[in-house]
file work-v5.cif (mmCIF, C-alpha atoms)
data_query
#
loop_
_atom_site.label_atom_id
_atom_site.label_comp_id
_atom_site.auth_asym_id
_atom_site.auth_seq_id
_atom_site.Cartn_x
_atom_site.Cartn_y
_atom_site.Cartn_z
CA MET E 311 68.73 236.74 248.18
CA ALA E 312 69.27 235.07 251.55
CA GLU E 313 65.94 233.26 251.28
CA GLU E 314 66.72 232.23 247.71
CA HIS E 315 70.11 230.91 248.78
CA LYS E 316 68.44 228.93 251.59
CA THR E 317 65.89 227.47 249.17
CA HIS E 318 68.61 226.59 246.68
CA SER E 319 70.74 224.94 249.39
CA GLU E 320 67.78 222.92 250.64
CA HIS E 321 66.99 221.85 247.08
CA LYS E 322 70.56 220.70 246.44
CA GLU E 323 70.73 218.84 249.75
CA ILE E 324 67.46 217.01 249.10
CA HIS E 325 68.45 216.26 245.50
CA HIS E 326 71.88 214.98 246.59
CA LYS E 327 70.50 212.78 249.40
CA THR E 328 67.81 211.39 247.08
CA LYS E 329 70.44 210.55 244.52
CA ILE E 330 72.56 208.83 247.18
CA LYS E 331 69.55 206.88 248.44
CA LYS E 332 68.78 205.63 244.95
CA MET E 333 72.40 204.66 244.40
CA VAL E 334 72.45 202.69 247.67
CA VAL E 335 69.14 200.98 246.78
CA TRP E 336 70.62 200.02 243.41
CA GLN E 337 73.78 198.68 245.06
CA TRP E 338 71.96 196.55 247.65
CA LEU E 339 69.57 195.29 245.02
CA THR E 340 72.52 194.06 243.00
CA VAL E 341 73.96 192.41 246.13
CA ILE E 342 70.77 190.44 246.77
CA LEU E 343 70.31 189.46 243.15
CA ALA E 344 73.96 188.56 242.68
CA VAL E 345 73.75 186.20 245.66
CA LEU E 346 70.68 184.58 244.15
CA PHE E 347 72.47 184.34 240.82
CA VAL E 348 75.51 182.58 242.33
CA ALA E 349 73.23 180.28 244.35
CA SER E 350 71.33 179.32 241.24
CA ILE E 351 74.52 178.21 239.52
CA PHE E 352 75.37 175.81 242.36
CA THR E 353 71.83 174.44 242.46
CA GLY E 354 71.55 173.70 238.78
CA GLY E 355 70.54 176.98 237.22
CA PHE E 356 67.23 178.78 236.78
CA LYS E 357 64.79 175.99 236.15
CA GLY E 358 61.58 177.86 237.00
CA ASP E 359 58.48 176.79 235.18
CA VAL E 360 59.30 173.80 232.99
CA THR E 361 56.69 174.98 230.50
CA ALA E 362 58.42 178.37 230.03
CA GLN E 363 59.58 179.04 226.49
CA LYS E 364 63.05 180.31 225.61
CA ILE E 365 62.97 183.68 223.86
CA SER E 366 65.62 185.22 221.63
CA ALA E 367 68.65 186.95 223.10
CA LYS E 368 67.59 190.24 221.49
CA ALA E 369 64.05 190.04 222.87
CA ALA E 370 65.32 189.21 226.35
CA ALA E 371 67.88 192.03 226.27
CA GLU E 372 65.33 194.62 225.14
CA LYS E 373 62.94 193.45 227.86
CA ALA E 374 65.69 193.76 230.49
CA VAL E 375 66.79 197.24 229.41
CA ASP E 376 63.19 198.47 229.33
CA TYR E 377 62.61 197.13 232.86
CA ILE E 378 65.81 198.73 234.18
CA ASN E 379 64.96 202.12 232.68
CA THR E 380 61.35 202.01 233.88
CA ASN E 381 61.87 200.70 237.39
CA LEU E 382 65.46 200.87 238.61
CA LEU E 383 66.98 204.15 237.46
CA GLN E 384 66.23 207.72 238.50
CA GLN E 385 64.41 209.92 236.00
CA GLY E 386 66.72 211.30 233.35
CA MET E 387 69.20 208.42 233.59
CA ALA E 388 69.04 205.62 231.04
CA ALA E 389 70.60 202.25 230.34
CA THR E 390 71.55 201.47 226.75
CA LEU E 391 72.26 198.02 225.35
CA LYS E 392 75.83 197.32 224.19
CA SER E 393 75.70 193.56 223.48
CA VAL E 394 74.06 190.29 224.52
CA SER E 395 75.25 186.66 224.52
CA GLU E 396 74.22 183.36 226.09
CA LYS E 397 76.42 182.16 228.94
CA ASN E 398 75.94 179.39 231.53
CA GLY E 399 72.26 179.01 230.80
CA VAL E 400 71.42 182.73 230.98
CA TYR E 401 71.74 185.75 228.70
CA ASP E 402 74.68 188.00 229.58
CA ILE E 403 73.70 191.58 228.75
CA LYS E 404 76.26 194.36 228.62
CA ILE E 405 74.66 197.76 229.27
CA SER E 406 75.93 201.31 229.64
CA ILE E 407 74.69 203.70 232.35
CA ALA E 408 76.13 207.23 232.70
CA GLY E 409 79.21 206.25 230.71
CA ARG E 410 79.95 203.09 232.73
CA GLU E 411 79.45 199.53 231.50
CA TYR E 412 77.73 196.81 233.53
CA ASP E 413 77.04 193.12 233.04
CA SER E 414 73.42 192.16 233.67
CA TYR E 415 71.80 188.76 233.40
CA ILE E 416 68.34 187.53 232.43
CA THR E 417 66.99 184.00 232.25
CA VAL E 418 66.49 182.63 228.75
CA ASP E 419 62.71 182.76 229.16
CA GLY E 420 62.95 186.48 230.03
CA SER E 421 61.33 186.05 233.44
CA LEU E 422 64.14 186.77 235.97
CA LEU E 423 66.50 189.75 235.75
CA PHE E 424 69.78 190.26 237.59
CA PRO E 425 70.56 193.93 236.89
CA SER E 426 74.30 193.85 237.50
CA SER E 427 77.20 191.59 238.25
CA PHE E 428 78.74 191.99 241.69
CA ASP E 429 82.38 191.55 242.67
CA ILE E 430 82.25 189.94 246.13
CA ASP E 431 85.94 190.73 246.70
CA LYS E 432 85.24 194.47 246.70
CA LYS E 433 83.60 196.49 249.44
CA ILE E 434 80.61 198.68 248.59
CA GLU E 435 81.59 202.32 248.91
CA VAL E 436 78.69 204.62 249.86
CA PRO E 437 79.27 208.16 248.51
CA ALA E 438 79.85 210.88 251.08
CA GLU E 439 76.78 213.05 251.75
CA THR E 440 78.78 216.26 251.48
CA GLN E 441 81.27 217.24 248.85
CA THR E 442 83.57 220.24 248.58
CA PRO E 443 82.80 222.15 245.36
CA GLN E 444 85.55 221.65 242.82
CA GLU E 445 87.40 224.65 241.47
CA ILE E 446 86.72 225.33 237.80
CA PRO E 447 89.96 225.01 235.78
CA LYS E 448 90.92 228.02 233.66
CA THR E 449 91.23 227.83 229.88
CA ALA E 450 91.67 230.29 227.02
CA LYS E 451 88.17 229.48 225.74
CA PRO E 452 85.88 227.99 228.43
CA LYS E 453 83.59 225.15 227.47
CA VAL E 454 80.05 225.68 228.76
CA ASP E 455 77.64 222.72 228.68
CA ILE E 456 73.99 223.28 229.60
CA TYR E 457 71.70 220.26 229.98
CA VAL E 458 67.94 220.87 229.79
CA MET E 459 64.55 219.47 228.86
CA SER E 460 62.67 221.71 226.44
CA PHE E 461 59.52 222.04 228.58
CA CYS E 462 61.12 221.93 232.02
CA PRO E 463 60.16 225.32 233.53
CA TYR E 464 63.46 225.49 235.43
CA GLY E 465 65.41 224.65 232.29
CA ASN E 466 63.56 227.44 230.49
CA LYS E 467 64.43 229.87 233.31
CA ALA E 468 68.08 228.89 232.97
CA GLU E 469 67.98 229.40 229.20
CA ASP E 470 66.39 232.84 229.58
CA THR E 471 68.93 233.77 232.26
CA MET E 472 71.84 232.59 230.13
CA LEU E 473 70.73 234.48 226.98
CA PRO E 474 72.24 237.87 227.99
CA VAL E 475 75.47 236.08 228.94
CA TYR E 476 75.57 234.41 225.53
CA LYS E 477 75.03 237.75 223.82
CA SER E 478 77.80 239.32 225.91
CA LEU E 479 80.48 236.62 225.59
CA LYS E 480 79.49 235.07 222.24
CA ASP E 481 82.55 233.55 220.47
CA ASN E 482 84.76 233.84 223.55
CA VAL E 483 83.03 230.68 224.84
CA GLU E 484 82.38 227.22 223.41
CA TRP E 485 78.61 226.87 223.93
CA ASN E 486 76.92 223.45 224.06
CA VAL E 487 73.23 222.95 224.86
CA HIS E 488 72.22 219.31 225.42
CA TYR E 489 68.88 217.58 225.97
CA ILE E 490 68.20 215.00 228.67
CA VAL E 491 66.36 212.02 227.20
CA SER E 492 66.34 208.25 227.55
CA VAL E 493 66.73 205.82 224.66
CA ILE E 494 65.20 202.36 224.37
CA GLY E 495 65.97 200.91 220.96
CA GLU E 496 64.63 203.46 218.51
CA ASN E 497 62.28 205.04 221.04
CA ILE E 498 63.19 208.41 222.55
CA LYS E 499 61.58 209.40 225.83
CA SER E 500 61.60 212.76 227.58
CA LEU E 501 60.28 213.48 231.08
CA HIS E 502 57.28 215.56 230.00
CA GLY E 503 56.04 213.19 227.31
CA GLN E 504 56.03 212.99 223.53
CA ILE E 505 55.35 216.72 223.01
CA GLU E 506 58.62 217.45 224.82
CA THR E 507 60.49 214.78 222.86
CA ASP E 508 59.23 216.38 219.64
CA GLU E 509 60.35 219.83 220.76
CA ASP E 510 63.75 218.51 221.92
CA MET E 511 64.27 217.10 218.44
CA ARG E 512 63.17 220.30 216.67
CA GLU E 513 65.46 222.46 218.80
CA VAL E 514 68.43 220.17 218.15
CA CYS E 515 67.64 220.31 214.43
CA VAL E 516 67.57 224.12 214.50
CA LYS E 517 70.95 224.14 216.23
CA LYS E 518 72.41 221.65 213.72
CA SER E 519 71.02 223.36 210.62
CA TYR E 520 71.24 227.05 211.56
CA GLY E 521 73.88 227.38 214.26
CA ILE E 522 73.93 228.47 217.87
CA ASP E 523 72.79 232.08 217.30
CA LYS E 524 69.54 231.11 215.53
CA PHE E 525 69.10 228.36 218.08
CA TRP E 526 69.06 230.88 220.96
CA GLN E 527 66.57 233.04 219.07
CA PHE E 528 64.34 230.03 218.42
CA ILE E 529 64.21 228.72 222.00
CA THR E 530 63.74 232.25 223.38
CA TYR E 531 60.64 232.71 221.20
CA ILE E 532 59.35 229.24 222.18
CA ASN E 533 59.87 229.89 225.90
CA LYS E 534 58.11 233.25 225.75
CA ASN E 535 55.22 232.51 223.42
CA CYS E 536 54.50 228.81 222.98
CA GLY E 537 53.71 227.44 226.43
CA SER E 538 54.49 223.82 227.21
CA ASP E 539 53.33 222.21 223.97
CA GLY E 540 55.45 223.93 221.32
CA SER E 541 52.37 224.47 219.15
CA CYS E 542 53.68 227.76 217.77
CA TRP E 543 57.11 226.48 216.70
CA LYS E 544 56.38 227.29 213.06
CA GLU E 545 55.55 230.87 214.05
CA ALA E 546 58.87 230.98 215.90
CA ALA E 547 60.70 229.71 212.83
CA LYS E 548 59.04 232.29 210.58
CA GLU E 549 59.74 235.09 213.06
CA ILE E 550 63.50 234.44 213.07
CA GLY E 551 63.82 233.49 209.40
CA ILE E 552 64.34 229.74 209.33
CA ASN E 553 62.73 227.23 206.98
CA THR E 554 60.13 225.02 208.70
CA ASP E 555 60.39 222.37 205.96
CA LYS E 556 64.12 222.06 206.60
CA VAL E 557 63.55 221.65 210.33
CA GLN E 558 60.81 219.06 209.73
CA GLU E 559 63.03 217.15 207.29
CA CYS E 560 65.81 217.02 209.88
CA TYR E 561 63.27 215.87 212.50
CA ASP E 562 62.00 213.08 210.22
CA LYS E 563 65.35 211.82 208.91
CA GLU E 564 67.89 212.61 211.64
CA GLY E 565 65.92 213.30 214.81
CA ILE E 566 66.33 209.89 216.45
CA GLU E 567 70.07 209.65 215.79
CA LEU E 568 70.62 213.22 217.01
CA MET E 569 68.75 212.46 220.24
CA LYS E 570 70.79 209.29 220.77
CA LYS E 571 73.86 211.53 220.78
CA GLU E 572 72.17 213.83 223.29
CA ALA E 573 71.43 210.88 225.57
CA GLU E 574 75.01 209.68 225.26
CA ALA E 575 76.33 213.13 226.20
CA ALA E 576 74.09 213.37 229.28
CA ASN E 577 74.90 209.82 230.38
CA SER E 578 78.63 210.35 229.94
CA ALA E 579 78.45 213.49 232.08
CA GLY E 580 76.28 211.73 234.68
CA VAL E 581 73.56 214.34 234.24
CA GLY E 582 69.95 213.55 235.15
CA SER E 583 68.31 216.87 236.05
CA SER E 584 67.33 219.98 234.11
CA PRO E 585 69.00 222.42 234.23
CA THR E 586 72.59 221.36 234.82
CA LEU E 587 75.47 223.72 234.08
CA ILE E 588 78.99 222.35 233.56
CA ILE E 589 81.89 224.74 232.99
CA ASN E 590 85.20 223.24 231.84
CA GLY E 591 84.02 219.87 233.09
CA ILE E 592 82.95 221.07 236.56
CA GLU E 593 79.29 221.35 237.61
CA SER E 594 78.31 224.86 238.74
CA ASN E 595 75.51 225.64 241.19
CA ALA E 596 75.25 229.13 239.70
CA VAL E 597 72.66 227.69 237.32
CA TYR E 598 70.05 227.79 240.12
CA GLN E 599 70.27 231.59 240.45
CA TYR E 600 67.44 232.04 237.98
CA GLY E 601 67.11 235.55 236.62
CA ASP E 602 70.58 236.58 237.83
CA SER E 603 72.47 236.75 234.54
CA GLU E 604 75.42 238.45 236.22
CA ALA E 605 75.87 235.38 238.47
CA TYR E 606 75.95 233.18 235.38
CA LYS E 607 78.47 235.50 233.73
CA THR E 608 80.68 235.59 236.84
CA ALA E 609 80.78 231.78 236.99
CA ILE E 610 81.78 231.50 233.33
CA CYS E 611 84.26 234.38 233.48
CA SER E 612 86.04 232.67 236.37
CA ALA E 613 87.00 229.93 233.90
CA PHE E 614 89.06 232.19 231.59
CA SER E 615 92.83 232.06 231.85
CA ASP E 616 92.75 235.60 230.46
CA ALA E 617 89.25 237.04 230.78
CA PRO E 618 87.98 239.26 227.92
CA GLU E 619 86.92 242.85 228.58
CA GLU E 620 83.25 241.80 228.55
CA CYS E 621 83.81 240.07 231.90
CA SER E 622 84.74 243.33 233.61
CA GLY E 623 82.28 245.48 231.70
CA GLU E 624 78.82 246.67 232.66
CA LYS E 625 76.91 244.30 234.93
CA LEU E 626 74.06 242.38 233.38
CA SER E 627 70.59 243.16 234.66
CA SER E 628 68.58 240.73 236.77
CA SER E 629 64.94 239.70 236.40
CA SER E 630 63.14 240.18 239.71
CA SER E 631 60.30 237.91 238.57
CA GLN E 632 62.69 235.01 238.16
CA THR E 633 64.98 235.60 241.13
CA ALA E 634 61.93 235.68 243.37
CA SER E 635 60.96 232.16 242.36
CA ALA E 636 62.20 229.11 244.26
CA ALA E 637 65.17 227.25 242.90
CA GLY E 638 64.43 223.80 241.57
CA SER E 639 65.00 221.37 238.74
CA CYS E 640 63.26 218.65 236.70
CA GLY E 641 64.35 215.07 237.04
#
call {"tool": "encode", "arguments": {"input": "work-v5.cif", "output": "structure tokens"}}
result
Amino acid sequence: MAEEHKTHSEHKEIHHKTKIKKMVVWQWLTVILAVLFVASIFTGGFKGDVTAQKISAKAAAEKAVDYINTNLLQQGMAATLKSVSEKNGVYDIKISIAGREYDSYITVDGSLLFPSSFDIDKKIEVPAETQTPQEIPKTAKPKVDIYVMSFCPYGNKAEDTMLPVYKSLKDNVEWNVHYIVSVIGENIKSLHGQIETDEDMREVCVKKSYGIDKFWQFITYINKNCGSDGSCWKEAAKEIGINTDKVQECYDKEGIELMKKEAEAANSAGVGSSPTLIINGIESNAVYQYGDSEAYKTAICSAFSDAPEECSGEKLSSSSSQTASAAGSCG
């Protein structure tokens, strides 16, 4: 356990510093580009190539958002377009990232992007490299949010570890399982490619159509038997008694809109890595104790204002095969 704790701590430290580094890069990039933007106004605007053709506001905005998502944001995070208008010879694009809105600018020919506005009267605040873990507030019915990617091996470990806790606490907890995806227009992207996007959508459809209990049965079968391509999802559906045509119909007609809601949930929570466990609004590092279901249960039970008898009952067993593996995450 000591070695696992060390590995987990090192993982979190590296992940946290990487996140900080990317945030600082983003901030200084906006400083440089904002200066160029202001300078351009005083020198007559973005003239560039006189032969360049003006493109539509929509086309420019979509081009800008695609570039930001592909090149400027960490994996799992995504910018979504809120609105676009022409202002002072450029297109003013309002985007949302992790629940916060930003103004970005792109020239009318779509060739130069200024990813964010910058208030020169405010000092840049670099986040502290260490943070004291927040205490989880207590409620009568804790809200547990788990963020995963369907083919992330660490997300699958977390799901398998959480299953006995779900079976033990059931309706005493509000369970929410979310998927980490990015959205560009009508295109849904997941870290491990289209096969993962497809599986994300199927699993959300099972949850919507059949409820959380069937959902846990479905993903447990997938994790155990289907590998990382979901090819046996119909076998999984048949095994647990759900209609494959109904799942496919949901995928075809509602899949994109359902995944947009998943992306919105992850962005609002500031989540970019799978798995992430949030209990009553506070992120819990217990999620990295793969195979240790009792650790998961203890973290959740600490959030009850009046814990049910299941919290003090028999301890849940641990999987030595999972606890022996190094902690990690996708994204």
call {"tool": "resolve_selection", "arguments": {"input": "work-v5.cif", "expression": "the PyMOL selection byres ((chain E and resi 531) around 12)", "output": "PyMOL selection string"}}
result
chain E and resi 466+469-470+473+513+524-530+532-537+540-550
call {"tool": "closest_residue", "arguments": {"input": "work-v5.cif", "among": "E:Ala388, E:Ile589, E:Val487, E:Leu423", "to": "E:Leu501", "atoms": "all atoms listed in the file"}}
result
E:Ala388
call {"tool": "resolve_selection", "arguments": {"input": "work-v5.cif", "expression": "the PyMOL selection byres ((chain E and resi 416) around 12)", "output": "PDB file with C-alpha atoms, keeping the file's coordinate frame"}}
result
ATOM      1  CA  LEU E 343      70.310 189.460 243.150  1.00  0.00           C
ATOM      2  CA  ALA E 344      73.960 188.560 242.680  1.00  0.00           C
ATOM      3  CA  PHE E 347      72.470 184.340 240.820  1.00  0.00           C
ATOM      4  CA  GLY E 355      70.540 176.980 237.220  1.00  0.00           C
ATOM      5  CA  PHE E 356      67.230 178.780 236.780  1.00  0.00           C
ATOM      6  CA  LYS E 364      63.050 180.310 225.610  1.00  0.00           C
ATOM      7  CA  ILE E 365      62.970 183.680 223.860  1.00  0.00           C
ATOM      8  CA  SER E 366      65.620 185.220 221.630  1.00  0.00           C
ATOM      9  CA  ALA E 367      68.650 186.950 223.100  1.00  0.00           C
ATOM     10  CA  LYS E 368      67.590 190.240 221.490  1.00  0.00           C
ATOM     11  CA  ALA E 369      64.050 190.040 222.870  1.00  0.00           C
ATOM     12  CA  ALA E 370      65.320 189.210 226.350  1.00  0.00           C
ATOM     13  CA  ALA E 371      67.880 192.030 226.270  1.00  0.00           C
ATOM     14  CA  GLU E 372      65.330 194.620 225.140  1.00  0.00           C
ATOM     15  CA  LYS E 373      62.940 193.450 227.860  1.00  0.00           C
ATOM     16  CA  ALA E 374      65.690 193.760 230.490  1.00  0.00           C
ATOM     17  CA  VAL E 375      66.790 197.240 229.410  1.00  0.00           C
ATOM     18  CA  TYR E 377      62.610 197.130 232.860  1.00  0.00           C
ATOM     19  CA  ILE E 378      65.810 198.730 234.180  1.00  0.00           C
ATOM     20  CA  VAL E 394      74.060 190.290 224.520  1.00  0.00           C
ATOM     21  CA  SER E 395      75.250 186.660 224.520  1.00  0.00           C
ATOM     22  CA  GLU E 396      74.220 183.360 226.090  1.00  0.00           C
ATOM     23  CA  LYS E 397      76.420 182.160 228.940  1.00  0.00           C
ATOM     24  CA  ASN E 398      75.940 179.390 231.530  1.00  0.00           C
ATOM     25  CA  GLY E 399      72.260 179.010 230.800  1.00  0.00           C
ATOM     26  CA  VAL E 400      71.420 182.730 230.980  1.00  0.00           C
ATOM     27  CA  TYR E 401      71.740 185.750 228.700  1.00  0.00           C
ATOM     28  CA  ASP E 402      74.680 188.000 229.580  1.00  0.00           C
ATOM     29  CA  ILE E 403      73.700 191.580 228.750  1.00  0.00           C
ATOM     30  CA  LYS E 404      76.260 194.360 228.620  1.00  0.00           C
ATOM     31  CA  ASP E 413      77.040 193.120 233.040  1.00  0.00           C
ATOM     32  CA  SER E 414      73.420 192.160 233.670  1.00  0.00           C
ATOM     33  CA  TYR E 415      71.800 188.760 233.400  1.00  0.00           C
ATOM     34  CA  THR E 417      66.990 184.000 232.250  1.00  0.00           C
ATOM     35  CA  VAL E 418      66.490 182.630 228.750  1.00  0.00           C
ATOM     36  CA  ASP E 419      62.710 182.760 229.160  1.00  0.00           C
ATOM     37  CA  GLY E 420      62.950 186.480 230.030  1.00  0.00           C
ATOM     38  CA  SER E 421      61.330 186.050 233.440  1.00  0.00           C
ATOM     39  CA  LEU E 422      64.140 186.770 235.970  1.00  0.00           C
ATOM     40  CA  LEU E 423      66.500 189.750 235.750  1.00  0.00           C
ATOM     41  CA  PHE E 424      69.780 190.260 237.590  1.00  0.00           C
ATOM     42  CA  PRO E 425      70.560 193.930 236.890  1.00  0.00           C
ATOM     43  CA  SER E 426      74.300 193.850 237.500  1.00  0.00           C
ATOM     44  CA  SER E 427      77.200 191.590 238.250  1.00  0.00           C
TER      45      SER E 427
END
call {"tool": "closest_residue", "arguments": {"input": "work-v5.cif", "among": "E:Val454, E:Ala575, E:Met472, E:Ile505", "to": "E:Asn590", "atoms": "all atoms listed in the file"}}
result
E:Val454
call {"tool": "closest_residue", "arguments": {"input": "work-v5.cif", "among": "E:Lys477, E:Lys451, E:Lys467, E:Lys570", "to": "E:Asp510", "atoms": "all atoms listed in the file"}}
result
E:Lys570
call {"tool": "closest_residue", "arguments": {"input": "work-v5.cif", "among": "E:Ser603, E:Gln363, E:Ser584, E:Ser538", "to": "E:Ile490", "atoms": "only C-alpha atoms"}}
result
E:Ser584
call {"tool": "atom_distance", "arguments": {"input": "work-v5.cif", "atom1": "atom CA of E:Glu506", "atom2": "atom CA of E:Cys462"}}
result
8.8 Å
call {"tool": "atom_distance", "arguments": {"input": "work-v5.cif", "atom1": "atom CA of E:Glu593", "atom2": "atom CA of E:Ala450"}}
result
18.6 Å
call {"tool": "resolve_selection", "arguments": {"input": "work-v5.cif", "expression": "the PyMOL selection byres ((chain E and resi 405) around 6)", "output": "ChimeraX atom specification"}}
result
/E:390-392,404,406,411-412
call {"tool": "atom_distance", "arguments": {"input": "work-v5.cif", "atom1": "atom CA of E:Lys453", "atom2": "atom CA of E:Ile407"}}
result
23.7 Å
call {"tool": "residues_around", "arguments": {"input": "work-v5.cif", "residues": "stretch 496-500 of chain E", "least_positions_apart": "5", "cutoff": "10 Å", "atoms": "only C-alpha atoms", "output": "MDAnalysis selection string"}}
result
chainID E and resid 385:386 388 459:461 489:491 505:511 565:567 569:570 573
call {"tool": "closest_residue", "arguments": {"input": "work-v5.cif", "among": "E:Tyr600, E:Glu624, E:Glu484, E:Arg512", "to": "E:Thr449", "atoms": "all atoms listed in the file"}}
result
E:Glu484
call {"tool": "closest_residue", "arguments": {"input": "work-v5.cif", "among": "E:Glu619, E:Ser612, E:Ser578, E:Lys556", "to": "E:Ala596", "atoms": "all atoms listed in the file"}}
result
E:Ser612
call {"tool": "residues_around", "arguments": {"input": "work-v5.cif", "residues": "E:Ser622", "least_positions_apart": "3", "cutoff": "12 Å", "atoms": "all atoms listed in the file", "output": "ChimeraX atom specification"}}
result
/E:478-479,604,607-608,611-612,616-619,625-626
call {"tool": "residues_around", "arguments": {"input": "work-v5.cif", "residues": "E:Val483", "least_positions_apart": "2", "cutoff": "6 Å", "atoms": "all atoms listed in the file", "output": "list of chain:residue names"}}
result
E:Lys451, E:Pro452, E:Asp481, E:Trp485
call {"tool": "axis_aligned_box", "arguments": {"input": "work-v5.cif", "around": "stretch 443-450 of chain E", "padding_each_side": "3 Å", "output": "lines of an AutoDock Vina configuration file"}}
result
center_x = 87.2
center_y = 226.0
center_z = 236.2
size_x = 14.9
size_y = 14.6
size_z = 24.3
call {"tool": "decode", "arguments": {"input": "work-v5.cif", "residues": "stretch 495-515 of chain E", "atoms": "N, CA and C atoms", "output": "short mmCIF file (atom, residue, chain, number, x, y, z; two decimals), in the first residue's frame"}}
result
data_model
loop_
_atom_site.label_atom_id
_atom_site.label_comp_id
_atom_site.auth_asym_id
_atom_site.auth_seq_id
_atom_site.Cartn_x
_atom_site.Cartn_y
_atom_site.Cartn_z
N GLY E 495 -19.29 21.61 -33.03
CA GLY E 495 -20.50 21.58 -33.85
C GLY E 495 -21.34 20.37 -33.51
N GLU E 496 -21.52 19.51 -34.49
CA GLU E 496 -22.26 18.27 -34.28
C GLU E 496 -21.33 17.06 -34.15
N ASN E 497 -20.04 17.32 -34.09
CA ASN E 497 -19.07 16.23 -34.00
C ASN E 497 -18.67 15.99 -32.54
N ILE E 498 -18.75 14.74 -32.12
CA ILE E 498 -18.38 14.33 -30.76
C ILE E 498 -17.06 13.59 -30.83
N LYS E 499 -16.10 13.99 -30.01
CA LYS E 499 -14.80 13.34 -30.01
C LYS E 499 -14.48 12.82 -28.62
N SER E 500 -13.95 11.60 -28.57
CA SER E 500 -13.48 11.01 -27.32
C SER E 500 -12.02 10.65 -27.49
N LEU E 501 -11.28 10.60 -26.40
CA LEU E 501 -9.83 10.45 -26.43
C LEU E 501 -9.36 9.25 -27.25
N HIS E 502 -10.05 8.12 -27.12
CA HIS E 502 -9.60 6.89 -27.76
C HIS E 502 -10.29 6.62 -29.10
N GLY E 503 -10.77 7.66 -29.74
CA GLY E 503 -11.28 7.54 -31.09
C GLY E 503 -12.78 7.28 -31.20
N GLN E 504 -13.22 7.04 -32.44
CA GLN E 504 -14.63 6.89 -32.73
C GLN E 504 -15.25 5.69 -32.02
N ILE E 505 -14.49 4.59 -31.89
CA ILE E 505 -15.06 3.41 -31.22
C ILE E 505 -15.42 3.73 -29.77
N GLU E 506 -14.63 4.60 -29.13
CA GLU E 506 -14.96 5.00 -27.76
C GLU E 506 -16.15 5.95 -27.75
N THR E 507 -16.20 6.88 -28.70
CA THR E 507 -17.35 7.78 -28.80
C THR E 507 -18.63 6.98 -28.95
N ASP E 508 -18.60 5.96 -29.81
CA ASP E 508 -19.78 5.11 -30.03
C ASP E 508 -20.19 4.42 -28.73
N GLU E 509 -19.20 3.89 -28.01
CA GLU E 509 -19.51 3.19 -26.77
C GLU E 509 -20.01 4.14 -25.70
N ASP E 510 -19.41 5.34 -25.62
CA ASP E 510 -19.91 6.37 -24.69
C ASP E 510 -21.40 6.60 -24.93
N MET E 511 -21.75 6.76 -26.18
CA MET E 511 -23.14 7.06 -26.54
C MET E 511 -24.06 5.89 -26.19
N ARG E 512 -23.62 4.66 -26.47
CA ARG E 512 -24.46 3.50 -26.13
C ARG E 512 -24.68 3.40 -24.62
N GLU E 513 -23.61 3.61 -23.86
CA GLU E 513 -23.74 3.48 -22.41
C GLU E 513 -24.65 4.56 -21.83
N VAL E 514 -24.57 5.77 -22.36
CA VAL E 514 -25.48 6.83 -21.92
C VAL E 514 -26.92 6.48 -22.29
N CYS E 515 -27.10 5.89 -23.46
CA CYS E 515 -28.45 5.48 -23.88
C CYS E 515 -29.02 4.38 -22.98
#
